[in-house]
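Data first, discussion second: the structure below is written as structure tokens.
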Amino acid sequence: RLHGLGDEWYRLSQPAEVDAVDVFISHSWHDRQPELKWQALQAWRKRFKEENAGREPLVWIDKLCIDQANVQADLPHLPIYLASCKQLLILAGTTYLTRLWCIVELFVFDQMVHGMNDRTRSEAIQMQLLPGMTELMFDEFKAVECQ
């Protein structure tokens with residue numbers, strides 16, 4: 001859906017105030033299950049709308065919000081982008097834990113919500129496990145194996 005359009009997608013993005021973005025979408029582009037990711041995202045979206053009087057969520061998605069023609073200029077701002085989001089939605093496929101950027105996103109967001117109580121923290125970080133991925137894989141995660 002997003003392949004081959006280069007910076008045309010970036011032009012569709014819009015600036016947002018800090019804490020105005022509902023969710024940061026964290027996922028691995030190396031997962032070969034785009035339809036399953038789309039279904040998981042739409043299921044999350046449906047729940048969001050039900051909980052927010054039908055309002056569409058404002059989302060941060062890397063392909064749209066980072067200028068793909070100048071990635072190096074935007075990457076240093078990743079912690080600010082994460083801090084601007086109320087939630088982190090992890091679409092965890094089989095390669096998620098092997099991608100260093102995914103782990104950086106998870107770590108940075110986790111540190112930002114560290115002071116929250118457990119209930120608020122669990123609401124701030126949500127995860128959708130795609131087929132082939134289990135919670136046990138998170139328990140066995142080793143950062144040295146990331147690429």
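Chain labels follow the order of the structure tokens: the first chain is A, the next B, and so on; residue numbering restarts at 1 in every chain, and ligands are counted from 1 in their shown order.
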Fill in: Near-stretch 14-17 of chain A list (10 Å; only C-alpha atoms; drop same-chain fewer than 3 positions) as an NGL selection string
:A and (10-11 or 20-21 or 58 or 60 or 64-65 or 81 or 84-85)
Among A:Trp44, A:Phe109, A:Trp101, A:Phe141, A:Ile125 is approached most closely, using only C-alpha atoms, by A:Phe109
Report, in Å with one decimal, the straight-line distance from atom CA of A:Gln128 to atom CA of A:Val144.
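Computed distance, atom CA of A:Gln128 to atom CA of A:Val144, equals 23.9 Å.
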| message | Need to verify the contact set: A:Ile25, 8 Å, only C-alpha atoms, exclusion of same-chain residues closer than 6 positions in sequence. Can you return it as number ranges by chain? | response | A: 59-62, 88-91
Find the residues around A:Phe48 up to 12 Å (only C-alpha atoms counted), leave out those fewer than 3 positions away in its own chain, and share them as a PyMOL selection string. chain A and resi 22-23+41-45+51-59+87+89+126
Print the selection's residues with C-alpha atoms to a file, as a CSV table (one decimal), in the first residue's frame.
```csv
chain,number,residue,atom,x,y,z
A,22,ASP,CA,-3.0,9.4,19.8
A,23,VAL,CA,-0.6,6.7,18.9
A,41,LEU,CA,-4.2,-1.7,12.9
A,42,GLN,CA,-7.9,-1.6,11.8
A,43,ALA,CA,-9.0,-3.6,14.9
A,44,TRP,CA,-7.1,-1.1,17.1
A,45,ARG,CA,-8.7,1.8,15.2
A,51,GLU,CA,-13.9,4.6,23.1
A,52,ASN,CA,-13.7,8.1,21.6
A,53,ALA,CA,-17.2,8.9,20.3
A,54,GLY,CA,-16.3,7.9,16.8
A,55,ARG,CA,-13.3,10.2,16.5
A,56,GLU,CA,-10.6,9.0,14.1
A,57,PRO,CA,-7.2,8.6,15.8
A,58,LEU,CA,-4.2,10.8,14.9
A,59,VAL,CA,-1.4,8.4,14.3
A,87,GLN,CA,0.3,5.6,23.2
A,89,LEU,CA,1.0,0.5,19.4
A,126,GLN,CA,-0.4,-1.9,23.6
```
Fewer than 2 positions away in the same chain doesn't count, so skip those; otherwise give me all residues within 10 Å of A:Cys146, counting only C-alpha atoms, as JSON, numbers by chain.
{"A": [95, 96, 97, 98, 99, 100, 101, 102, 103, 141, 142, 143, 144]}
Per-residue DSSP, stretch 73-116 of chain A, filtered to strand (DSSP E or B), as a ChimeraX atom specification: /A:85-92
Can I get the selection written as a PDB file, in the first residue's frame, with N, CA and C atoms?
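File written: out-v2.pdb
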```
ATOM      1  N   CYS A  85       3.353  11.407  21.492  1.00  0.00           N
ATOM      2  CA  CYS A  85       2.274  10.428  21.341  1.00  0.00           C
ATOM      3  C   CYS A  85       1.790   9.931  22.696  1.00  0.00           C
ATOM      4  N   LYS A  86       0.489   9.713  22.791  1.00  0.00           N
ATOM      5  CA  LYS A  86      -0.120   9.253  24.038  1.00  0.00           C
ATOM      6  C   LYS A  86       0.055   7.752  24.246  1.00  0.00           C
ATOM      7  N   GLN A  87       0.144   7.004  23.131  1.00  0.00           N
ATOM      8  CA  GLN A  87       0.267   5.552  23.220  1.00  0.00           C
ATOM      9  C   GLN A  87       1.302   5.060  22.221  1.00  0.00           C
ATOM     10  N   LEU A  88       1.807   3.876  22.500  1.00  0.00           N
ATOM     11  CA  LEU A  88       2.664   3.151  21.573  1.00  0.00           C
ATOM     12  C   LEU A  88       1.912   1.883  21.202  1.00  0.00           C
ATOM     13  N   LEU A  89       1.671   1.691  19.918  1.00  0.00           N
ATOM     14  CA  LEU A  89       1.022   0.468  19.438  1.00  0.00           C
ATOM     15  C   LEU A  89       2.077  -0.349  18.720  1.00  0.00           C
ATOM     16  N   ILE A  90       2.364  -1.517  19.249  1.00  0.00           N
ATOM     17  CA  ILE A  90       3.357  -2.410  18.665  1.00  0.00           C
ATOM     18  C   ILE A  90       2.623  -3.440  17.819  1.00  0.00           C
ATOM     19  N   LEU A  91       2.945  -3.464  16.529  1.00  0.00           N
ATOM     20  CA  LEU A  91       2.436  -4.501  15.631  1.00  0.00           C
ATOM     21  C   LEU A  91       3.589  -5.484  15.464  1.00  0.00           C
ATOM     22  N   ALA A  92       3.626  -6.466  16.344  1.00  0.00           N
ATOM     23  CA  ALA A  92       4.793  -7.355  16.465  1.00  0.00           C
ATOM     24  C   ALA A  92       4.669  -8.576  15.584  1.00  0.00           C
TER      25      ALA A  92
END
```
Where does DSSP see alpha helix (DSSP H) in stretch 51-120 of chain A, if you list the residues as a PyMOL selection string? chain A and resi 51+62-65+71-74+78-83+100-112+118-120
